[in-house]
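upload31.txt, holding compact mmCIF, N, CA and C atoms:
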```
# COMPACT_ATOMS: atom_id res chain seq x y z
N MET A 1 -160.43 54.41 -68.71
CA MET A 1 -159.98 53.30 -69.52
C MET A 1 -161.15 52.69 -70.31
N LEU A 2 -162.32 52.61 -69.65
CA LEU A 2 -163.47 52.05 -70.34
C LEU A 2 -163.93 52.95 -71.48
N GLY A 3 -163.84 54.25 -71.28
CA GLY A 3 -164.20 55.20 -72.33
C GLY A 3 -163.28 55.07 -73.54
N ARG A 4 -162.00 54.90 -73.29
CA ARG A 4 -161.05 54.74 -74.40
C ARG A 4 -161.28 53.42 -75.13
N LEU A 5 -161.59 52.37 -74.37
CA LEU A 5 -161.88 51.07 -74.98
C LEU A 5 -163.11 51.16 -75.87
N ALA A 6 -164.14 51.83 -75.39
CA ALA A 6 -165.35 52.00 -76.19
C ALA A 6 -165.07 52.81 -77.45
N ALA A 7 -164.27 53.87 -77.33
CA ALA A 7 -163.94 54.69 -78.50
C ALA A 7 -163.17 53.88 -79.53
N ARG A 8 -162.31 52.99 -79.07
CA ARG A 8 -161.54 52.16 -80.00
C ARG A 8 -162.46 51.28 -80.84
N PHE A 9 -163.56 50.82 -80.25
CA PHE A 9 -164.51 49.97 -80.97
C PHE A 9 -165.64 50.76 -81.61
N GLY A 10 -165.63 52.09 -81.46
CA GLY A 10 -166.64 52.94 -82.07
C GLY A 10 -168.01 52.80 -81.44
N MET A 11 -168.05 52.60 -80.13
CA MET A 11 -169.33 52.44 -79.44
C MET A 11 -169.43 53.44 -78.29
N SER A 12 -170.63 53.58 -77.76
CA SER A 12 -170.85 54.45 -76.62
C SER A 12 -170.22 53.82 -75.38
N PRO A 13 -169.63 54.63 -74.51
CA PRO A 13 -169.02 54.06 -73.30
C PRO A 13 -170.02 53.66 -72.23
N VAL A 14 -171.26 54.09 -72.33
CA VAL A 14 -172.25 53.82 -71.29
C VAL A 14 -172.43 52.33 -71.02
N PRO A 15 -172.56 51.47 -72.04
CA PRO A 15 -172.71 50.04 -71.74
C PRO A 15 -171.51 49.44 -71.00
N LEU A 16 -170.33 50.02 -71.15
CA LEU A 16 -169.17 49.53 -70.41
C LEU A 16 -169.10 50.13 -69.00
N TYR A 17 -169.62 51.33 -68.83
CA TYR A 17 -169.61 51.95 -67.50
C TYR A 17 -170.49 51.19 -66.52
N LEU A 18 -171.60 50.65 -67.00
CA LEU A 18 -172.52 49.96 -66.09
C LEU A 18 -171.90 48.73 -65.45
N PRO A 19 -171.35 47.76 -66.20
CA PRO A 19 -170.69 46.63 -65.54
C PRO A 19 -169.42 47.05 -64.80
N GLY A 20 -168.75 48.10 -65.29
CA GLY A 20 -167.57 48.60 -64.58
C GLY A 20 -167.94 49.11 -63.20
N GLY A 21 -169.06 49.80 -63.10
CA GLY A 21 -169.54 50.29 -61.82
C GLY A 21 -169.95 49.17 -60.89
N LEU A 22 -170.48 48.10 -61.45
CA LEU A 22 -170.86 46.95 -60.63
C LEU A 22 -169.65 46.17 -60.12
N ALA A 23 -168.55 46.21 -60.86
CA ALA A 23 -167.37 45.43 -60.50
C ALA A 23 -166.60 46.06 -59.34
N PHE A 24 -166.70 47.37 -59.18
CA PHE A 24 -165.92 48.05 -58.15
C PHE A 24 -166.83 48.64 -57.09
N GLY A 25 -166.32 48.74 -55.87
CA GLY A 25 -167.06 49.36 -54.79
C GLY A 25 -167.80 48.34 -53.95
N GLN A 26 -168.72 48.83 -53.16
CA GLN A 26 -169.45 47.98 -52.23
C GLN A 26 -170.25 46.91 -52.99
N GLY A 27 -169.98 45.65 -52.67
CA GLY A 27 -170.67 44.54 -53.32
C GLY A 27 -170.01 44.07 -54.59
N GLY A 28 -168.95 44.74 -55.04
CA GLY A 28 -168.26 44.37 -56.27
C GLY A 28 -167.09 43.44 -55.99
N PHE A 29 -166.34 43.16 -57.03
CA PHE A 29 -165.16 42.30 -56.89
C PHE A 29 -164.03 43.00 -56.15
N VAL A 30 -163.90 44.30 -56.36
CA VAL A 30 -162.85 45.09 -55.71
C VAL A 30 -163.52 46.20 -54.93
N GLU A 31 -163.29 46.21 -53.62
CA GLU A 31 -163.87 47.27 -52.80
C GLU A 31 -162.83 48.35 -52.56
N PHE A 32 -163.24 49.59 -52.75
CA PHE A 32 -162.37 50.73 -52.48
C PHE A 32 -162.78 51.31 -51.14
N HIS A 33 -161.90 51.17 -50.17
CA HIS A 33 -162.21 51.70 -48.84
C HIS A 33 -161.84 53.18 -48.78
N GLY A 34 -162.69 53.96 -48.16
CA GLY A 34 -162.40 55.37 -47.98
C GLY A 34 -162.86 56.27 -49.11
N VAL A 35 -163.43 55.72 -50.17
CA VAL A 35 -163.88 56.57 -51.27
C VAL A 35 -165.40 56.51 -51.44
N ALA A 36 -166.09 55.89 -50.49
CA ALA A 36 -167.53 55.73 -50.62
C ALA A 36 -168.25 57.08 -50.68
N GLU A 37 -167.84 58.00 -49.82
CA GLU A 37 -168.50 59.31 -49.80
C GLU A 37 -168.24 60.06 -51.11
N PHE A 38 -167.00 60.02 -51.59
CA PHE A 38 -166.69 60.67 -52.87
C PHE A 38 -167.49 60.04 -54.00
N GLY A 39 -167.57 58.73 -54.03
CA GLY A 39 -168.32 58.03 -55.08
C GLY A 39 -169.78 58.41 -55.08
N HIS A 40 -170.36 58.54 -53.89
CA HIS A 40 -171.77 58.92 -53.78
C HIS A 40 -171.99 60.33 -54.31
N ILE A 41 -171.17 61.26 -53.88
CA ILE A 41 -171.32 62.65 -54.33
C ILE A 41 -171.03 62.76 -55.82
N ALA A 42 -169.98 62.08 -56.30
CA ALA A 42 -169.63 62.14 -57.72
C ALA A 42 -170.75 61.55 -58.58
N GLY A 43 -171.40 60.49 -58.09
CA GLY A 43 -172.51 59.90 -58.83
C GLY A 43 -173.68 60.86 -58.95
N GLU A 44 -174.00 61.55 -57.86
CA GLU A 44 -175.10 62.51 -57.91
C GLU A 44 -174.78 63.67 -58.86
N ILE A 45 -173.56 64.16 -58.79
CA ILE A 45 -173.15 65.24 -59.68
C ILE A 45 -173.16 64.77 -61.13
N GLY A 46 -172.72 63.54 -61.36
CA GLY A 46 -172.69 62.99 -62.72
C GLY A 46 -174.07 62.91 -63.34
N VAL A 47 -175.06 62.49 -62.56
CA VAL A 47 -176.43 62.40 -63.09
C VAL A 47 -176.95 63.80 -63.42
N VAL A 48 -176.70 64.75 -62.55
CA VAL A 48 -177.15 66.12 -62.81
C VAL A 48 -176.47 66.68 -64.06
N LEU A 49 -175.16 66.44 -64.20
CA LEU A 49 -174.45 66.94 -65.38
C LEU A 49 -174.93 66.26 -66.65
N LEU A 50 -175.23 64.96 -66.58
CA LEU A 50 -175.75 64.26 -67.76
C LEU A 50 -177.07 64.89 -68.20
N LEU A 51 -177.96 65.12 -67.27
CA LEU A 51 -179.25 65.71 -67.62
C LEU A 51 -179.08 67.16 -68.09
N LEU A 52 -178.14 67.89 -67.48
CA LEU A 52 -177.87 69.26 -67.91
C LEU A 52 -177.35 69.28 -69.35
N MET A 53 -176.42 68.39 -69.66
CA MET A 53 -175.88 68.35 -71.02
C MET A 53 -176.96 67.97 -72.03
N LEU A 54 -177.84 67.06 -71.67
CA LEU A 54 -178.94 66.72 -72.57
C LEU A 54 -179.86 67.92 -72.77
N GLY A 55 -180.10 68.67 -71.71
CA GLY A 55 -180.94 69.86 -71.81
C GLY A 55 -180.31 70.95 -72.65
N LEU A 56 -179.00 71.06 -72.61
CA LEU A 56 -178.32 72.08 -73.40
C LEU A 56 -178.15 71.68 -74.86
N GLU A 57 -178.33 70.40 -75.15
CA GLU A 57 -178.08 69.91 -76.50
C GLU A 57 -179.20 70.25 -77.48
N TYR A 58 -180.40 70.45 -76.97
CA TYR A 58 -181.55 70.68 -77.84
C TYR A 58 -182.16 72.04 -77.58
N THR A 59 -182.58 72.72 -78.67
CA THR A 59 -183.27 74.00 -78.52
C THR A 59 -184.74 73.74 -78.21
N ALA A 60 -185.43 74.79 -77.79
CA ALA A 60 -186.86 74.66 -77.48
C ALA A 60 -187.64 74.27 -78.73
N THR A 61 -187.26 74.80 -79.87
CA THR A 61 -187.95 74.46 -81.13
C THR A 61 -187.77 72.98 -81.45
N GLU A 62 -186.56 72.46 -81.27
CA GLU A 62 -186.32 71.04 -81.54
C GLU A 62 -187.13 70.16 -80.60
N LEU A 63 -187.24 70.58 -79.33
CA LEU A 63 -188.02 69.80 -78.38
C LEU A 63 -189.50 69.78 -78.74
N VAL A 64 -190.04 70.93 -79.13
CA VAL A 64 -191.46 71.01 -79.50
C VAL A 64 -191.72 70.19 -80.76
N THR A 65 -190.86 70.32 -81.75
CA THR A 65 -191.00 69.54 -82.99
C THR A 65 -190.93 68.04 -82.69
N GLY A 66 -189.96 67.65 -81.87
CA GLY A 66 -189.82 66.24 -81.51
C GLY A 66 -191.03 65.73 -80.75
N LEU A 67 -191.58 66.57 -79.88
CA LEU A 67 -192.77 66.17 -79.12
C LEU A 67 -193.96 65.95 -80.03
N LYS A 68 -194.14 66.85 -81.01
CA LYS A 68 -195.26 66.71 -81.94
C LYS A 68 -195.12 65.46 -82.81
N GLN A 69 -193.88 65.14 -83.20
CA GLN A 69 -193.67 64.03 -84.12
C GLN A 69 -193.62 62.67 -83.44
N SER A 70 -193.17 62.62 -82.20
CA SER A 70 -192.98 61.29 -81.59
C SER A 70 -193.50 61.21 -80.16
N TRP A 71 -194.67 61.75 -79.93
CA TRP A 71 -195.24 61.68 -78.59
C TRP A 71 -195.61 60.24 -78.21
N GLN A 72 -195.93 59.41 -79.21
CA GLN A 72 -196.26 58.01 -78.90
C GLN A 72 -195.04 57.28 -78.35
N ALA A 73 -193.89 57.52 -78.95
CA ALA A 73 -192.65 56.90 -78.46
C ALA A 73 -192.33 57.39 -77.06
N GLY A 74 -192.59 58.66 -76.79
CA GLY A 74 -192.38 59.21 -75.46
C GLY A 74 -193.29 58.57 -74.43
N LEU A 75 -194.52 58.29 -74.82
CA LEU A 75 -195.46 57.62 -73.92
C LEU A 75 -195.01 56.20 -73.62
N VAL A 76 -194.56 55.49 -74.64
CA VAL A 76 -194.03 54.12 -74.43
C VAL A 76 -192.80 54.18 -73.53
N ASP A 77 -191.92 55.15 -73.77
CA ASP A 77 -190.73 55.34 -72.94
C ASP A 77 -191.12 55.57 -71.48
N LEU A 78 -192.11 56.42 -71.26
CA LEU A 78 -192.57 56.70 -69.90
C LEU A 78 -193.09 55.44 -69.22
N VAL A 79 -193.93 54.70 -69.91
CA VAL A 79 -194.52 53.49 -69.31
C VAL A 79 -193.45 52.44 -69.01
N LEU A 80 -192.55 52.20 -69.97
CA LEU A 80 -191.55 51.15 -69.80
C LEU A 80 -190.48 51.50 -68.77
N ASN A 81 -190.18 52.76 -68.60
CA ASN A 81 -189.13 53.15 -67.66
C ASN A 81 -189.65 53.57 -66.29
N PHE A 82 -190.86 54.08 -66.22
CA PHE A 82 -191.43 54.50 -64.95
C PHE A 82 -191.98 53.32 -64.16
N THR A 83 -192.64 52.40 -64.85
CA THR A 83 -193.36 51.31 -64.20
C THR A 83 -192.49 50.42 -63.31
N PRO A 84 -191.31 49.96 -63.77
CA PRO A 84 -190.51 49.09 -62.88
C PRO A 84 -190.15 49.74 -61.55
N GLY A 85 -189.76 51.00 -61.57
CA GLY A 85 -189.42 51.69 -60.33
C GLY A 85 -190.62 51.86 -59.42
N ALA A 86 -191.76 52.23 -60.01
CA ALA A 86 -192.96 52.41 -59.21
C ALA A 86 -193.43 51.08 -58.59
N LEU A 87 -193.38 50.02 -59.38
CA LEU A 87 -193.78 48.71 -58.86
C LEU A 87 -192.84 48.24 -57.75
N LEU A 88 -191.55 48.45 -57.91
CA LEU A 88 -190.59 48.05 -56.89
C LEU A 88 -190.85 48.80 -55.59
N ALA A 89 -191.12 50.10 -55.68
CA ALA A 89 -191.42 50.88 -54.48
C ALA A 89 -192.67 50.37 -53.78
N LEU A 90 -193.69 50.00 -54.56
CA LEU A 90 -194.92 49.47 -53.95
C LEU A 90 -194.66 48.12 -53.29
N VAL A 91 -193.85 47.28 -53.93
CA VAL A 91 -193.51 45.97 -53.35
C VAL A 91 -192.73 46.15 -52.05
N LEU A 92 -191.87 47.16 -52.00
CA LEU A 92 -191.09 47.44 -50.79
C LEU A 92 -191.90 48.13 -49.71
N GLY A 93 -193.16 48.50 -50.04
CA GLY A 93 -194.03 49.12 -49.06
C GLY A 93 -193.79 50.60 -48.87
N TRP A 94 -193.27 51.29 -49.87
CA TRP A 94 -192.97 52.71 -49.74
C TRP A 94 -194.19 53.60 -49.94
N GLY A 95 -195.31 53.06 -50.38
CA GLY A 95 -196.52 53.83 -50.58
C GLY A 95 -196.53 54.57 -51.91
N PRO A 96 -197.63 55.29 -52.18
CA PRO A 96 -197.78 55.96 -53.48
C PRO A 96 -196.78 57.08 -53.72
N VAL A 97 -196.41 57.81 -52.69
CA VAL A 97 -195.45 58.90 -52.88
C VAL A 97 -194.08 58.32 -53.23
N GLY A 98 -193.66 57.29 -52.49
CA GLY A 98 -192.40 56.63 -52.78
C GLY A 98 -192.40 56.00 -54.16
N ALA A 99 -193.56 55.46 -54.58
CA ALA A 99 -193.67 54.87 -55.91
C ALA A 99 -193.51 55.93 -56.99
N MET A 100 -194.08 57.11 -56.77
CA MET A 100 -193.94 58.19 -57.76
C MET A 100 -192.49 58.66 -57.84
N VAL A 101 -191.84 58.77 -56.69
CA VAL A 101 -190.45 59.24 -56.67
C VAL A 101 -189.53 58.22 -57.34
N LEU A 102 -189.62 56.95 -56.92
CA LEU A 102 -188.73 55.94 -57.51
C LEU A 102 -189.06 55.71 -58.99
N GLY A 103 -190.32 55.77 -59.34
CA GLY A 103 -190.69 55.67 -60.75
C GLY A 103 -190.10 56.82 -61.55
N GLY A 104 -190.13 58.01 -60.99
CA GLY A 104 -189.54 59.17 -61.67
C GLY A 104 -188.03 59.05 -61.81
N VAL A 105 -187.39 58.52 -60.77
CA VAL A 105 -185.94 58.33 -60.83
C VAL A 105 -185.57 57.32 -61.91
N THR A 106 -186.27 56.19 -61.95
CA THR A 106 -185.95 55.19 -62.97
C THR A 106 -186.28 55.71 -64.36
N TYR A 107 -187.35 56.47 -64.48
CA TYR A 107 -187.73 57.03 -65.79
C TYR A 107 -186.67 57.99 -66.30
N ILE A 108 -186.31 58.98 -65.48
CA ILE A 108 -185.40 60.02 -65.96
C ILE A 108 -184.00 59.48 -66.18
N SER A 109 -183.54 58.58 -65.31
CA SER A 109 -182.18 58.06 -65.49
C SER A 109 -182.11 57.13 -66.69
N SER A 110 -183.12 56.28 -66.88
CA SER A 110 -183.12 55.38 -68.04
C SER A 110 -183.23 56.16 -69.34
N SER A 111 -184.07 57.15 -69.37
CA SER A 111 -184.23 57.97 -70.57
C SER A 111 -182.96 58.77 -70.85
N GLY A 112 -182.33 59.28 -69.80
CA GLY A 112 -181.09 60.03 -69.97
C GLY A 112 -179.97 59.16 -70.52
N ILE A 113 -179.87 57.93 -70.01
CA ILE A 113 -178.85 57.01 -70.50
C ILE A 113 -179.12 56.65 -71.95
N ALA A 114 -180.37 56.36 -72.28
CA ALA A 114 -180.71 56.00 -73.66
C ALA A 114 -180.41 57.16 -74.61
N ALA A 115 -180.73 58.38 -74.19
CA ALA A 115 -180.46 59.55 -75.04
C ALA A 115 -178.96 59.75 -75.22
N LYS A 116 -178.17 59.52 -74.17
CA LYS A 116 -176.72 59.66 -74.27
C LYS A 116 -176.14 58.62 -75.22
N VAL A 117 -176.60 57.39 -75.14
CA VAL A 117 -176.12 56.34 -76.03
C VAL A 117 -176.46 56.68 -77.49
N LEU A 118 -177.70 57.13 -77.73
CA LEU A 118 -178.08 57.49 -79.08
C LEU A 118 -177.25 58.66 -79.59
N SER A 119 -176.98 59.62 -78.74
CA SER A 119 -176.16 60.76 -79.13
C SER A 119 -174.72 60.31 -79.45
N ASP A 120 -174.16 59.44 -78.61
CA ASP A 120 -172.81 58.95 -78.85
C ASP A 120 -172.71 58.18 -80.15
N LEU A 121 -173.77 57.49 -80.53
CA LEU A 121 -173.76 56.71 -81.76
C LEU A 121 -174.15 57.55 -82.99
N GLY A 122 -174.45 58.84 -82.77
CA GLY A 122 -174.79 59.73 -83.88
C GLY A 122 -176.16 59.48 -84.47
N ARG A 123 -177.08 59.01 -83.68
CA ARG A 123 -178.43 58.74 -84.18
C ARG A 123 -179.42 59.74 -83.62
```
Can you give me the file's structure in the form of structure tokens?
Amino acid sequence: MLGRLAARFGMSPVPLYLPGGLAFGQGGFVEFHGVAEFGHIAGEIGVVLLLLMLGLEYTATELVTGLKQSWQAGLVDLVLNFTPGALLALVLGWGPVGAMVLGGVTYISSSGIAAKVLSDLGR
């Protein structure tokens, strides 16, 4: 339903999926009992499929050309998306390995979401 609503307004559905996900499930306004395991597995599969689709969307030549032209933007993206996860892991006492893992998770998921939104908007 959120995807159709976004299409009606000509926008990417990702900004609607985020509050939609917060509204339902554990800690949300409506809790779905008995679907927690499915939701967890579906979320993991969804992230993998999102990254797979992004990987299939660009050729190696496009990636190399993009890297040469906008490596500064990539560096800013890395710093802005990796740092919050790494700092949170350090605050939670997870150590340097945990900081690298959580920083990597926040980096790749944030970058994947941003790339999907830009793709949906045709930019």
Legend entry - Counting only N, CA and C atoms, the option among A:Ser70, A:Gln26, A:Asn81, A:Thr59 closest to Ile108 in chain A: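 Checking each of A:Ser70, A:Gln26, A:Asn81, A:Thr59 against Ile108 in chain A, counting only N, CA and C atoms, the winner is A:Asn81.
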Legend entry - Option closest in space to Ser119 in chain A, from A:Ser12, A:Tyr107, A:Ile41, A:Leu92 [counting only N, CA and C atoms]: A:Ser12
Legend entry - Counting only C-alpha atoms, the residue of A:Gly46, A:Val117, A:Glu31, A:Gly104 that sits nearest Ala6 in chain A: A:Val117
Report as AutoDock Vina command-line options the centre and the edge lengths, in Å to one decimal, of the axis-aligned box holding every listed atom of range 73-80 of chain A, padded by 3 Å on each side.
```
--center_x -193.0 --center_y 55.2 --center_z -73.9 --size_x 11.0 --size_y 14.1 --size_z 16.2
```
Inset, instruction - Between CA of His40 in chain A and atom C of Leu87 in chain A, measure the distance and give it in Å to one decimal. - result: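 Separation of CA of His40 in chain A and atom C of Leu87 in chain A: 24.0 Å.
For the atom pair formed by atom N of Ser110 in chain A and atom C of Glu44 in chain A, the distance is 13.7 Å, given to one decimal.
Picture a line from CA of Val30 in chain A to atom N of Tyr17 in chain A; it runs 16.0 Å.
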Inset, instruction - Kindly indicate which residue among A:Ala114, A:Ser109, A:Pro84, A:Leu16 lies nearest to Val47 in chain A, using only C-alpha atoms for the distances. - result: A:Ser109
Inset, instruction - Would you please give, as a ChimeraX atom specification, all residues of chain A that DSSP assigns to alpha helix (DSSP H) based on the backbone? - result: /A:2-8,14-23,36-57,60-69,71-91,95-120
Inset, instruction - Name all residues at most 12 Å from Phe82 in chain A (count only C-alpha atoms; drop same-chain ones fewer than 6 positions away) and give them as a ChimeraX atom specification. - result: /A:74-76,88-89,99-111
May I ask you to restore N, CA, C and O atoms in range 82-108 of chain A and write the result as a PDB file, in the frame of the given file?
```pdb
ATOM      1  N   PHE A  82    -190.860  54.080 -66.220  1.00  0.00           N
ATOM      2  CA  PHE A  82    -191.430  54.500 -64.950  1.00  0.00           C
ATOM      3  C   PHE A  82    -191.980  53.320 -64.160  1.00  0.00           C
ATOM      4  O   PHE A  82    -191.800  53.222 -62.945  1.00  0.00           O
ATOM      5  N   THR A  83    -192.640  52.400 -64.850  1.00  0.00           N
ATOM      6  CA  THR A  83    -193.360  51.310 -64.200  1.00  0.00           C
ATOM      7  C   THR A  83    -192.490  50.420 -63.310  1.00  0.00           C
ATOM      8  O   THR A  83    -192.891  50.126 -62.177  1.00  0.00           O
ATOM      9  N   PRO A  84    -191.310  49.960 -63.770  1.00  0.00           N
ATOM     10  CA  PRO A  84    -190.510  49.090 -62.880  1.00  0.00           C
ATOM     11  C   PRO A  84    -190.150  49.740 -61.550  1.00  0.00           C
ATOM     12  O   PRO A  84    -190.230  49.102 -60.491  1.00  0.00           O
ATOM     13  N   GLY A  85    -189.760  51.000 -61.570  1.00  0.00           N
ATOM     14  CA  GLY A  85    -189.420  51.690 -60.330  1.00  0.00           C
ATOM     15  C   GLY A  85    -190.620  51.860 -59.420  1.00  0.00           C
ATOM     16  O   GLY A  85    -190.537  51.649 -58.204  1.00  0.00           O
ATOM     17  N   ALA A  86    -191.760  52.230 -60.010  1.00  0.00           N
ATOM     18  CA  ALA A  86    -192.960  52.410 -59.210  1.00  0.00           C
ATOM     19  C   ALA A  86    -193.430  51.080 -58.590  1.00  0.00           C
ATOM     20  O   ALA A  86    -193.788  51.026 -57.415  1.00  0.00           O
ATOM     21  N   LEU A  87    -193.380  50.020 -59.380  1.00  0.00           N
ATOM     22  CA  LEU A  87    -193.780  48.710 -58.860  1.00  0.00           C
ATOM     23  C   LEU A  87    -192.840  48.240 -57.750  1.00  0.00           C
ATOM     24  O   LEU A  87    -193.299  47.689 -56.736  1.00  0.00           O
ATOM     25  N   LEU A  88    -191.550  48.450 -57.910  1.00  0.00           N
ATOM     26  CA  LEU A  88    -190.590  48.050 -56.890  1.00  0.00           C
ATOM     27  C   LEU A  88    -190.850  48.800 -55.590  1.00  0.00           C
ATOM     28  O   LEU A  88    -190.826  48.210 -54.496  1.00  0.00           O
ATOM     29  N   ALA A  89    -191.120  50.100 -55.680  1.00  0.00           N
ATOM     30  CA  ALA A  89    -191.420  50.880 -54.480  1.00  0.00           C
ATOM     31  C   ALA A  89    -192.670  50.370 -53.780  1.00  0.00           C
ATOM     32  O   ALA A  89    -192.711  50.278 -52.549  1.00  0.00           O
ATOM     33  N   LEU A  90    -193.690  50.000 -54.560  1.00  0.00           N
ATOM     34  CA  LEU A  90    -194.920  49.470 -53.950  1.00  0.00           C
ATOM     35  C   LEU A  90    -194.660  48.120 -53.290  1.00  0.00           C
ATOM     36  O   LEU A  90    -195.158  47.851 -52.199  1.00  0.00           O
ATOM     37  N   VAL A  91    -193.850  47.280 -53.930  1.00  0.00           N
ATOM     38  CA  VAL A  91    -193.510  45.970 -53.350  1.00  0.00           C
ATOM     39  C   VAL A  91    -192.730  46.150 -52.050  1.00  0.00           C
ATOM     40  O   VAL A  91    -192.923  45.403 -51.086  1.00  0.00           O
ATOM     41  N   LEU A  92    -191.870  47.160 -52.000  1.00  0.00           N
ATOM     42  CA  LEU A  92    -191.090  47.440 -50.790  1.00  0.00           C
ATOM     43  C   LEU A  92    -191.900  48.130 -49.710  1.00  0.00           C
ATOM     44  O   LEU A  92    -191.406  48.367 -48.618  1.00  0.00           O
ATOM     45  N   GLY A  93    -193.160  48.500 -50.040  1.00  0.00           N
ATOM     46  CA  GLY A  93    -194.030  49.120 -49.060  1.00  0.00           C
ATOM     47  C   GLY A  93    -193.790  50.600 -48.870  1.00  0.00           C
ATOM     48  O   GLY A  93    -194.086  51.153 -47.815  1.00  0.00           O
ATOM     49  N   TRP A  94    -193.270  51.290 -49.870  1.00  0.00           N
ATOM     50  CA  TRP A  94    -192.970  52.710 -49.740  1.00  0.00           C
ATOM     51  C   TRP A  94    -194.190  53.600 -49.940  1.00  0.00           C
ATOM     52  O   TRP A  94    -194.102  54.808 -49.741  1.00  0.00           O
ATOM     53  N   GLY A  95    -195.310  53.060 -50.380  1.00  0.00           N
ATOM     54  CA  GLY A  95    -196.520  53.830 -50.580  1.00  0.00           C
ATOM     55  C   GLY A  95    -196.530  54.570 -51.910  1.00  0.00           C
ATOM     56  O   GLY A  95    -195.574  54.517 -52.685  1.00  0.00           O
ATOM     57  N   PRO A  96    -197.630  55.290 -52.180  1.00  0.00           N
ATOM     58  CA  PRO A  96    -197.780  55.960 -53.480  1.00  0.00           C
ATOM     59  C   PRO A  96    -196.780  57.080 -53.720  1.00  0.00           C
ATOM     60  O   PRO A  96    -196.319  57.269 -54.846  1.00  0.00           O
ATOM     61  N   VAL A  97    -196.410  57.810 -52.690  1.00  0.00           N
ATOM     62  CA  VAL A  97    -195.450  58.900 -52.880  1.00  0.00           C
ATOM     63  C   VAL A  97    -194.080  58.320 -53.230  1.00  0.00           C
ATOM     64  O   VAL A  97    -193.405  58.778 -54.162  1.00  0.00           O
ATOM     65  N   GLY A  98    -193.660  57.290 -52.490  1.00  0.00           N
ATOM     66  CA  GLY A  98    -192.400  56.630 -52.780  1.00  0.00           C
ATOM     67  C   GLY A  98    -192.400  56.000 -54.160  1.00  0.00           C
ATOM     68  O   GLY A  98    -191.391  56.013 -54.860  1.00  0.00           O
ATOM     69  N   ALA A  99    -193.560  55.460 -54.580  1.00  0.00           N
ATOM     70  CA  ALA A  99    -193.670  54.870 -55.910  1.00  0.00           C
ATOM     71  C   ALA A  99    -193.510  55.930 -56.990  1.00  0.00           C
ATOM     72  O   ALA A  99    -192.844  55.688 -58.007  1.00  0.00           O
ATOM     73  N   MET A 100    -194.080  57.110 -56.770  1.00  0.00           N
ATOM     74  CA  MET A 100    -193.940  58.190 -57.760  1.00  0.00           C
ATOM     75  C   MET A 100    -192.490  58.660 -57.840  1.00  0.00           C
ATOM     76  O   MET A 100    -191.957  58.884 -58.925  1.00  0.00           O
ATOM     77  N   VAL A 101    -191.840  58.770 -56.690  1.00  0.00           N
ATOM     78  CA  VAL A 101    -190.450  59.240 -56.670  1.00  0.00           C
ATOM     79  C   VAL A 101    -189.530  58.220 -57.340  1.00  0.00           C
ATOM     80  O   VAL A 101    -188.740  58.566 -58.222  1.00  0.00           O
ATOM     81  N   LEU A 102    -189.620  56.950 -56.920  1.00  0.00           N
ATOM     82  CA  LEU A 102    -188.730  55.940 -57.510  1.00  0.00           C
ATOM     83  C   LEU A 102    -189.060  55.710 -58.990  1.00  0.00           C
ATOM     84  O   LEU A 102    -188.150  55.520 -59.799  1.00  0.00           O
ATOM     85  N   GLY A 103    -190.320  55.770 -59.340  1.00  0.00           N
ATOM     86  CA  GLY A 103    -190.690  55.670 -60.750  1.00  0.00           C
ATOM     87  C   GLY A 103    -190.100  56.820 -61.550  1.00  0.00           C
ATOM     88  O   GLY A 103    -189.584  56.629 -62.660  1.00  0.00           O
ATOM     89  N   GLY A 104    -190.130  58.010 -60.990  1.00  0.00           N
ATOM     90  CA  GLY A 104    -189.540  59.170 -61.670  1.00  0.00           C
ATOM     91  C   GLY A 104    -188.030  59.050 -61.810  1.00  0.00           C
ATOM     92  O   GLY A 104    -187.464  59.395 -62.840  1.00  0.00           O
ATOM     93  N   VAL A 105    -187.390  58.520 -60.770  1.00  0.00           N
ATOM     94  CA  VAL A 105    -185.940  58.330 -60.830  1.00  0.00           C
ATOM     95  C   VAL A 105    -185.570  57.320 -61.910  1.00  0.00           C
ATOM     96  O   VAL A 105    -184.666  57.557 -62.712  1.00  0.00           O
ATOM     97  N   THR A 106    -186.270  56.190 -61.950  1.00  0.00           N
ATOM     98  CA  THR A 106    -185.950  55.190 -62.970  1.00  0.00           C
ATOM     99  C   THR A 106    -186.280  55.710 -64.360  1.00  0.00           C
ATOM    100  O   THR A 106    -185.565  55.429 -65.316  1.00  0.00           O
ATOM    101  N   TYR A 107    -187.350  56.470 -64.480  1.00  0.00           N
ATOM    102  CA  TYR A 107    -187.730  57.030 -65.790  1.00  0.00           C
ATOM    103  C   TYR A 107    -186.670  57.990 -66.300  1.00  0.00           C
ATOM    104  O   TYR A 107    -186.177  57.861 -67.412  1.00  0.00           O
ATOM    105  N   ILE A 108    -186.310  58.980 -65.480  1.00  0.00           N
ATOM    106  CA  ILE A 108    -185.400  60.020 -65.960  1.00  0.00           C
ATOM    107  C   ILE A 108    -184.000  59.480 -66.180  1.00  0.00           C
ATOM    108  O   ILE A 108    -183.324  59.851 -67.145  1.00  0.00           O
TER     109      ILE A 108
END
```
